[in-house]
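Working notes, beginning with the structure itself.
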Amino acid sequence: MAPISTPQTPFGRVLTAMVTPFTADGALDLDGARRLATHLVDAGNDGLVVNGTTGESPTTGDAEKSELVRAVLEAVGDRAHVVAGIGTNDTHHSIELARAAERDGAHGLLAVTPYYNKPPQEGLFRHFTAIADATGLPVMLYDIPGRSGVPIDTETVVRLAEHPRIVANKDAKGDLGRASWAIARSGLAWYSGDDMLNLPLLSVGAVGFVSVVGHVVTPDLRALLEAHLAGDHEKATEIHQKLLPVYTGMFRTQGVMTTKAALALQGLPAGPLRLPLVELSDQEIDQLKVDLAAGGVDL
């Protein structure tokens with residue numbers, strides 16, 4: 001049985017963009033993925049994104065992506081929304097991945113803006129529409145111009161929101177003004193994709209988070225969200241400020257690298273990285289320990 005969703009929160013409220021654990025020799029660690037997914041849901045996530053950027057999707061194969069979706073669904077699919085990242089800069093390939101995710105049983109799709117080839121807005125509109133047309137699954141757009149090179153303009157978001165299966169947006173644009181207008185005009189469920197802006201985005205209408213730091217502070221993120229929803233803005237701000245060292249520390253360098261290092265420090269499944277990502281230096285690990293401790297994370 002799939003977890004309950006509503007039009008306002010189609011994928012839950014607190015989601016972690018999960019890393020992909022690998023074994024010491026660099027192979028997919030499906031047992032580790034099941035254990036990590038279970039740990040994250042037990043900690044308070046009601047959704048997980050697999051095969052996203054934090055899941056090292058650029059360096060995992062299509063068969064590995066399917067295996068990972070199936071493993072995470074097996075572990076937590078009755079308790080949490082499992083959203084499969086299927087975004088590429090090749091529309092045909094994204095459609096193939098979307099159909100595979102649907103066959104594997106995923107509850108939804110995360111489609112990032114095509115990167116590197118810098119399509120115009122009409123290209124983005126047709127790309128996302130083709131993906132949404134290809135399956136019966138709900139779609140979350142992922143707007144991250146710092147990585148993709150192209151933002152999804154507000155007018156394009158509004159057009160895409162007319163599609164019955166495009167139901168949400170993960171916002172890593174870092175522009176609260178544009179977010180405010182897009183939320184008001186599109187009616188999409190809005191998820192923060194930038195941990196430092198989790199609370200600010202809630203204040204302008206976001207419904208939840210797709211988080212990286214959720215790997216280590218999900219209970220705090222859940223408490224922040226619940227305080228905001230209860231109207232206790234003083235408490236929400238207090239938690240936000242407590243987490244500032246974690247937000248900063250987890251993104252001093254590439255986020256997958258710091259996340260896997262943090263998980264290893266906690267004895268949780270992570271494993272090595274695939275090139276071109278590399279492990280943190282000893283100095284970077286020491287700094288990460290300081291940052292996490294300052295945010296109240298037990299190591």
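Identifiers in the structure tokens: chain A, B, ... in order shown; residue index from 1 per chain; ligand index from 1 in order shown.
Summary of the local environment: counting only C-alpha atoms, residues at most 10 Å from Ile131 (chain A), other than itself and those fewer than 4 positions away along its chain, are Ile86, Gly87, Thr91, His92, His93, Ser94, Ile95, Glu96, Leu97, Ala98, Arg99, Leu109, Ala111, Arg126, His127, Thr135, Leu137, Val139, Arg165 and Ile166 of chain A.
DSSP, applied to the backbone of this structure, assigns strand (DSSP E or B) to the following residues of region 32-174 of chain A: Gly47, Leu48, Val49, Val50, His81, Val82, Val83, Ala84, Gly85, Gly108, Leu109, Leu110, Ala111, Val112, Val139, Met140, Leu141, Tyr142, Asp143, Ile166, Val167, Ala168, Asn169, Lys170 and Asp171 of chain A.
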So that each row is one residue of region 266-287 of chain A with an atom at most 12 Å from region 11-21 of chain A, can you give its shortest atom pair and the distance in Å to one decimal, using only C-alpha atoms, rows by chain and rising number, as JSON lines?
```
{"residue": "A:Leu268", "atom": "CA", "partner": "A:Pro21", "partner_atom": "CA", "distance": 9.5}
{"residue": "A:Pro269", "atom": "CA", "partner": "A:Pro21", "partner_atom": "CA", "distance": 6.0}
{"residue": "A:Ala270", "atom": "CA", "partner": "A:Pro21", "partner_atom": "CA", "distance": 4.3}
{"residue": "A:Gly271", "atom": "CA", "partner": "A:Pro21", "partner_atom": "CA", "distance": 5.5}
{"residue": "A:Pro272", "atom": "CA", "partner": "A:Pro21", "partner_atom": "CA", "distance": 7.7}
{"residue": "A:Leu273", "atom": "CA", "partner": "A:Pro21", "partner_atom": "CA", "distance": 8.6}
{"residue": "A:Arg274", "atom": "CA", "partner": "A:Thr20", "partner_atom": "CA", "distance": 10.3}
```
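Across the model, the gap from CA of Gly208 (chain A) to CA of Val167 (chain A) is 13.7 Å.
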Near region 220-225 of chain A, 10 Å: region 25-141 of chain A residue rows, closest pairs, only C-alpha atoms, as a tab-separated table:
```
residue	atom	partner	partner_atom	distance
A:Ala43	CA	A:Arg222	CA	9.2
A:Gly44	CA	A:Arg222	CA	6.7
A:Asn45	CA	A:Arg222	CA	7.9
A:Asp46	CA	A:Arg222	CA	9.8
```
Nearest candidate to Thr248 (chain A) (options A:Gly47, A:Pro114, A:Gly295, A:Pro138; using only C-alpha atoms): A:Gly295
One number please: CA of Ile285 (chain A) to CA of Thr237 (chain A), in Å, one decimal. 28.1 Å
Nearest-residue call for His39 (chain A), choices A:Arg185, A:Lys289, A:His215, A:His240, using only C-alpha atoms: A:His215
Among listed residues A:Arg34, A:Lys170, A:Lys65, A:Lys118, nearest Phe209 (chain A) (using only C-alpha atoms): A:Lys170
According to DSSP computed on the backbone, where in region 3-67 of chain A is there alpha helix (DSSP H)? Give the residues as a PyMOL selection string. chain A and resi 30-43+62-67
Keeping only N, CA and C atoms, write the selected residues to a file as an mmCIF file, in the first residue's frame.
```cif
data_model
loop_
_atom_site.group_PDB
_atom_site.id
_atom_site.type_symbol
_atom_site.label_atom_id
_atom_site.label_comp_id
_atom_site.auth_asym_id
_atom_site.auth_seq_id
_atom_site.Cartn_x
_atom_site.Cartn_y
_atom_site.Cartn_z
ATOM 1 N N LEU A 30 22.839 -2.653 -2.220
ATOM 2 C CA LEU A 30 21.391 -2.647 -2.057
ATOM 3 C C LEU A 30 20.983 -2.886 -0.606
ATOM 4 N N ASP A 31 21.711 -3.733 0.095
ATOM 5 C CA ASP A 31 21.408 -3.935 1.510
ATOM 6 C C ASP A 31 21.626 -2.635 2.278
ATOM 7 N N GLY A 32 22.722 -1.932 1.969
ATOM 8 C CA GLY A 32 22.970 -0.646 2.602
ATOM 9 C C GLY A 32 21.887 0.363 2.275
ATOM 10 N N ALA A 33 21.391 0.334 1.047
ATOM 11 C CA ALA A 33 20.318 1.252 0.653
ATOM 12 C C ALA A 33 19.052 0.978 1.461
ATOM 13 N N ARG A 34 18.725 -0.286 1.637
ATOM 14 C CA ARG A 34 17.547 -0.629 2.438
ATOM 15 C C ARG A 34 17.714 -0.157 3.874
ATOM 16 N N ARG A 35 18.898 -0.369 4.438
ATOM 17 C CA ARG A 35 19.128 0.026 5.832
ATOM 18 C C ARG A 35 19.103 1.544 5.983
ATOM 19 N N LEU A 36 19.705 2.254 5.030
ATOM 20 C CA LEU A 36 19.700 3.710 5.106
ATOM 21 C C LEU A 36 18.295 4.259 4.932
ATOM 22 N N ALA A 37 17.546 3.720 3.986
ATOM 23 C CA ALA A 37 16.167 4.177 3.778
ATOM 24 C C ALA A 37 15.336 3.957 5.037
ATOM 25 N N THR A 38 15.490 2.814 5.657
ATOM 26 C CA THR A 38 14.749 2.521 6.887
ATOM 27 C C THR A 38 15.136 3.497 7.989
ATOM 28 N N HIS A 39 16.427 3.761 8.130
ATOM 29 C CA HIS A 39 16.898 4.720 9.131
ATOM 30 C C HIS A 39 16.287 6.097 8.891
ATOM 31 N N LEU A 40 16.257 6.545 7.654
ATOM 32 C CA LEU A 40 15.758 7.885 7.344
ATOM 33 C C LEU A 40 14.258 8.000 7.597
ATOM 34 N N VAL A 41 13.509 6.972 7.262
ATOM 35 C CA VAL A 41 12.064 7.018 7.507
ATOM 36 C C VAL A 41 11.785 6.910 9.007
ATOM 37 N N ASP A 42 12.532 6.067 9.695
ATOM 38 C CA ASP A 42 12.375 5.986 11.149
ATOM 39 C C ASP A 42 12.665 7.342 11.809
ATOM 40 N N ALA A 43 13.577 8.115 11.213
ATOM 41 C CA ALA A 43 13.957 9.413 11.782
ATOM 42 C C ALA A 43 12.893 10.483 11.562
ATOM 43 N N ASP A 62 21.335 2.704 -15.851
ATOM 44 C CA ASP A 62 19.877 2.589 -15.815
ATOM 45 C C ASP A 62 19.430 1.366 -15.023
ATOM 46 N N ALA A 63 20.106 0.245 -15.188
ATOM 47 C CA ALA A 63 19.737 -0.963 -14.447
ATOM 48 C C ALA A 63 19.954 -0.762 -12.954
ATOM 49 N N GLU A 64 21.041 -0.083 -12.584
ATOM 50 C CA GLU A 64 21.286 0.198 -11.175
ATOM 51 C C GLU A 64 20.193 1.091 -10.599
ATOM 52 N N LYS A 65 19.753 2.065 -11.377
ATOM 53 C CA LYS A 65 18.682 2.951 -10.911
ATOM 54 C C LYS A 65 17.422 2.146 -10.602
ATOM 55 N N SER A 66 17.063 1.215 -11.470
ATOM 56 C CA SER A 66 15.880 0.385 -11.229
ATOM 57 C C SER A 66 16.059 -0.488 -9.997
ATOM 58 N N GLU A 67 17.225 -1.069 -9.847
ATOM 59 C CA GLU A 67 17.482 -1.902 -8.676
ATOM 60 C C GLU A 67 17.335 -1.093 -7.392
#
```
